[in-house]
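Enquirer: This is the structure I want to talk about, given as structure tokens.
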Amino acid sequence: MDGDEIYLDHAASSPMRVEARDAWISASDLHHANPTGAHKAARDARRALDDARDIVAGAIGCAASEVVFTSGGSEADNFAVRGVLASRGGTAVCSAGEHHAVLEPVEYAGGLTFRLRSNGVPDVDHLAEILDSTADVSLVSVMAVNNEIGVMAPLAEIAEIVREHTPGALLHTDAVQAVQWLDVADATQAFDLISITGHKIGGPVGTGALIVRGGLELDPLILGGGQERGRRAGTPDVAGAVALAAAVHATVRGRQKDVARVRKLRDHLLDGLVAELGDQVVVTAAPEGDMSHIAAGFAHVCLRQVEAEALLFLLDSHGLRASAASSCSSGAQEPSHVLASMGIPRDLAIGSLRLSLGPSSTRADVESALRLIPQAVERLTRFGGG
């Protein structure tokens with residue numbers, strides 16, 4: 001990575017960890033054979049794939065047989081939603097702030113959404129109302145950590161509500177952003193389906209998994225082979241699975257220290273922006289100043305009288321990489337659906353700025369951001385560039 005780059009877009013994709021890169025290269029060199037074959041090279045590849053599955057299972061708190069390797073979080077999310085609906089029918093329900101990989105399949109199938117509160121936390125009372133008024137709910141999906149604002153959902157409370165109001169419904173969580181910041185094994189014990197991906201935690205792009213607990217039957221998205229116990233056809237990506245497992249292992253091993261260190265950096269960043277910009281900056285998911293429900297790596301703000309597109313262009317020209325919303329929404333003219341669900345006015349939402357930190361973030365990154373962002377905001381405000 002460029003030494004002059006200030007990379008504050010880890011929620012979009014985090015630089016590959018050394019452990020994952022080394023594992024990827026080694027497995028690519030060693031395991032060229034198809035792991036579904038019968039000869040020694042194939043058996044060696046299958047053993048490496050099985051070892052990777054064991055590591056992921058141990059980190060997420062499930063059986064190895066419940067790990068289905070995918071091409072990433074979006075496939076895992078689609079597999080969860082569409083697989084349940086195809087096999088069970090019924091209605092899917094999700095929060096209005098979900099990643100599009102959940103939200104769009106739910107809406108396409110005629111499903112329902114429940115609101116976010118003004119601090120970004122899923123509104124569990126509204127969820128209960130929907131469950132009480134809908135007779136055939138087969139799936140409830142809620143993101144463990146929101147990919148835009150970093151809000152951690154009350155997963156245990158949501159699971160309790162679903163079990164009370166719709167005991168036959170399955171529970172899915174998109175935990176793509178959670179593995180870096182939460183003990184996913186503990187937080188998702190009550191969930192039937194869990195999506196993760198590699199490139200948010202320093203693994204390679206194009207790797208991920210869906211955890212399918214308890215032998216649940218899902219209609220596969222990809223047909224044409226018996227791989228992954230018949231749940232996903234196609235020759236397994238052994239090197240990708242091995243690198244994903246290495247990233248997961250390294251993340252879990254260092255998570256406690258990373259969370260403590262990054263939270264201090266994040267708080268310094270937000271405190272500094274507020275000190276420099278005053279009322280012009282709004283900490284999006286902390287209207288009352290409470291940050292306890294926001295994952296350590298997220299610093300999402302909205303800037304008054306500034307348009308995100310112009311701000312990001314100016315920051316990028318000075319080497320600061322950030323985003324306005326999720327990486328899947330960047331470049332769109334309309335403000336984020338997450339902010340809309342929180343009730344944030346459009347004229348404020350167009351000034352959204354997501355600064356996301358990760359294990360490689362440094363104090364120097366934060367100090368550079370605290371120098372560049374106020375300068376850019378002042379320039380845009382003064383000269384009408386917003």
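Within each chain, counting starts at residue 1; across the structure tokens, chains are named A, B, ... in the order shown, with ligands numbered 1 upward in that order.
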Against stretch 151-155 of chain A, which residues of stretch 31-147 of chain A fall within 8 Å? For each one I want the closest pair of atoms and the distance in Å (one decimal), counting only C-alpha atoms, rows by chain and increasing residue number, as JSON lines.

Expert:
```
{"residue": "A:Gly120", "atom": "CA", "partner": "A:Val151", "partner_atom": "CA", "distance": 6.2}
{"residue": "A:Val121", "atom": "CA", "partner": "A:Ala153", "partner_atom": "CA", "distance": 6.0}
{"residue": "A:Pro122", "atom": "CA", "partner": "A:Ala153", "partner_atom": "CA", "distance": 6.4}
{"residue": "A:Val142", "atom": "CA", "partner": "A:Ala153", "partner_atom": "CA", "distance": 7.5}
{"residue": "A:Met143", "atom": "CA", "partner": "A:Ala153", "partner_atom": "CA", "distance": 6.8}
{"residue": "A:Ala144", "atom": "CA", "partner": "A:Ala153", "partner_atom": "CA", "distance": 5.3}
{"residue": "A:Val145", "atom": "CA", "partner": "A:Met152", "partner_atom": "CA", "distance": 4.5}
{"residue": "A:Asn146", "atom": "CA", "partner": "A:Val151", "partner_atom": "CA", "distance": 5.2}
```

Enquirer: Residues near A:Gly198, anyone? I mean within 9 Å using only C-alpha atoms, not counting same-chain ones fewer than 3 positions away, as a PyMOL selection string.

Expert: chain A and resi 72-73+176+201-209+240+243-245+247-248

Enquirer: Quick check for you: according to DSSP on this backbone, which residues of stretch 203-335 of chain A are classed as strand (DSSP E or B)? Reply as a short mmCIF file (atom, residue, chain, number, x, y, z; two decimals) with N, CA and C atoms, in the first residue's frame.

Expert:
```cif
data_model
loop_
_atom_site.label_atom_id
_atom_site.label_comp_id
_atom_site.auth_asym_id
_atom_site.auth_seq_id
_atom_site.Cartn_x
_atom_site.Cartn_y
_atom_site.Cartn_z
N GLY A 208 -15.72 -16.43 1.48
CA GLY A 208 -16.72 -16.22 2.51
C GLY A 208 -17.34 -17.54 2.90
N ALA A 209 -18.35 -17.47 3.73
CA ALA A 209 -19.02 -18.70 4.17
C ALA A 209 -20.40 -18.36 4.70
N LEU A 210 -21.29 -19.33 4.57
CA LEU A 210 -22.58 -19.29 5.26
C LEU A 210 -22.60 -20.44 6.24
N ILE A 211 -22.85 -20.12 7.50
CA ILE A 211 -23.03 -21.16 8.52
C ILE A 211 -24.49 -21.60 8.48
N VAL A 212 -24.70 -22.90 8.29
CA VAL A 212 -26.05 -23.47 8.22
C VAL A 212 -26.17 -24.48 9.35
N VAL A 281 -20.68 19.25 12.28
CA VAL A 281 -20.55 17.80 12.20
C VAL A 281 -21.51 17.13 13.18
N VAL A 282 -22.17 16.08 12.70
CA VAL A 282 -23.10 15.30 13.52
C VAL A 282 -22.60 13.87 13.55
N VAL A 283 -22.36 13.33 14.74
CA VAL A 283 -21.98 11.92 14.86
C VAL A 283 -23.25 11.11 14.67
N ILE A 294 -21.89 1.22 19.16
CA ILE A 294 -21.22 1.34 17.87
C ILE A 294 -19.90 0.58 17.92
N PHE A 298 -15.80 2.11 13.59
CA PHE A 298 -16.67 2.96 12.77
C PHE A 298 -16.75 4.38 13.32
N ALA A 299 -16.52 5.34 12.41
CA ALA A 299 -16.71 6.75 12.72
C ALA A 299 -17.52 7.35 11.58
N HIS A 300 -18.83 7.30 11.71
CA HIS A 300 -19.72 7.82 10.67
C HIS A 300 -20.27 9.16 11.12
N VAL A 301 -20.13 10.16 10.25
CA VAL A 301 -20.62 11.49 10.57
C VAL A 301 -21.41 12.03 9.38
N CYS A 302 -22.22 13.03 9.65
CA CYS A 302 -22.87 13.81 8.61
C CYS A 302 -22.43 15.26 8.77
N LEU A 303 -22.11 15.89 7.65
CA LEU A 303 -21.59 17.26 7.67
C LEU A 303 -22.60 18.20 7.03
N LEU A 320 -6.45 10.61 1.24
CA LEU A 320 -7.30 10.05 2.29
C LEU A 320 -8.44 9.27 1.63
N ARG A 321 -8.47 7.97 1.90
CA ARG A 321 -9.48 7.09 1.31
C ARG A 321 -10.60 6.85 2.32
N SER A 323 -15.36 6.80 2.41
CA SER A 323 -16.56 6.59 1.59
C SER A 323 -17.72 7.35 2.19
#
```

Enquirer: For stretch 44-60 of chain A, find every residue with an atom within 6 Å (counting only C-alpha atoms), except residues of its own chain fewer than 5 positions away, and show them as number ranges by chain.

Expert: A: 31, 35, 184-185, 238, 242, 245

Enquirer: Produce a table with one row for each residue of stretch 306-326 of chain A that has an atom at most 9 Å from any atom of stretch 359-376 of chain A, each row naming the nearest atom pair and its distance in Å at one decimal; use only C-alpha atoms; arrange rows by chain and rising residue number; format as a Markdown table.

Expert:
```
| residue | atom | partner | partner_atom | distance |
| --- | --- | --- | --- | --- |
| A:Leu311 | CA | A:Ala376 | CA | 6.6 |
| A:Leu314 | CA | A:Ala376 | CA | 6.6 |
| A:Leu315 | CA | A:Ala376 | CA | 6.9 |
| A:His318 | CA | A:Leu372 | CA | 7.7 |
| A:Leu320 | CA | A:Ala369 | CA | 7.1 |
```

Enquirer: Between atom CA of A:Ala260 and atom CA of A:His10, measure the distance and give it in Å to one decimal.

Expert: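 Pair atom CA of A:Ala260 / atom CA of A:His10 returns 16.6 Å.
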
Enquirer: Give me, as JSON, numbers by chain, all polymer residues having an atom no more than 9 Å from A:Lys200, counting only C-alpha atoms and skipping those fewer than 5 positions away in the same chain.

Expert: {"A": [10, 11, 12, 13, 14, 15, 16, 176, 177, 179, 180, 205]}

Enquirer: Taking C-alpha atoms for each residue, export the selection above as a JSON list (two decimals), in the first residue's frame.

Expert:
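Resulting contents of out_20.json:
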```json
[["chain", "number", "residue", "atom", "x", "y", "z"],
["A", 10, "HIS", "CA", -11.65, -0.79, 6.15],
["A", 11, "ALA", "CA", -15.41, -1.43, 6.21],
["A", 12, "ALA", "CA", -15.29, -1.56, 2.41],
["A", 13, "SER", "CA", -12.25, -3.82, 2.26],
["A", 14, "SER", "CA", -9.33, -4.26, 4.63],
["A", 15, "PRO", "CA", -5.72, -4.83, 3.52],
["A", 16, "MET", "CA", -4.79, -8.48, 3.38],
["A", 176, "VAL", "CA", -19.71, -9.71, 7.65],
["A", 177, "GLN", "CA", -18.73, -6.58, 9.62],
["A", 179, "VAL", "CA", -16.03, -10.80, 13.02],
["A", 180, "GLN", "CA", -13.42, -8.07, 13.50],
["A", 205, "VAL", "CA", -11.71, -10.90, -1.93]]
```
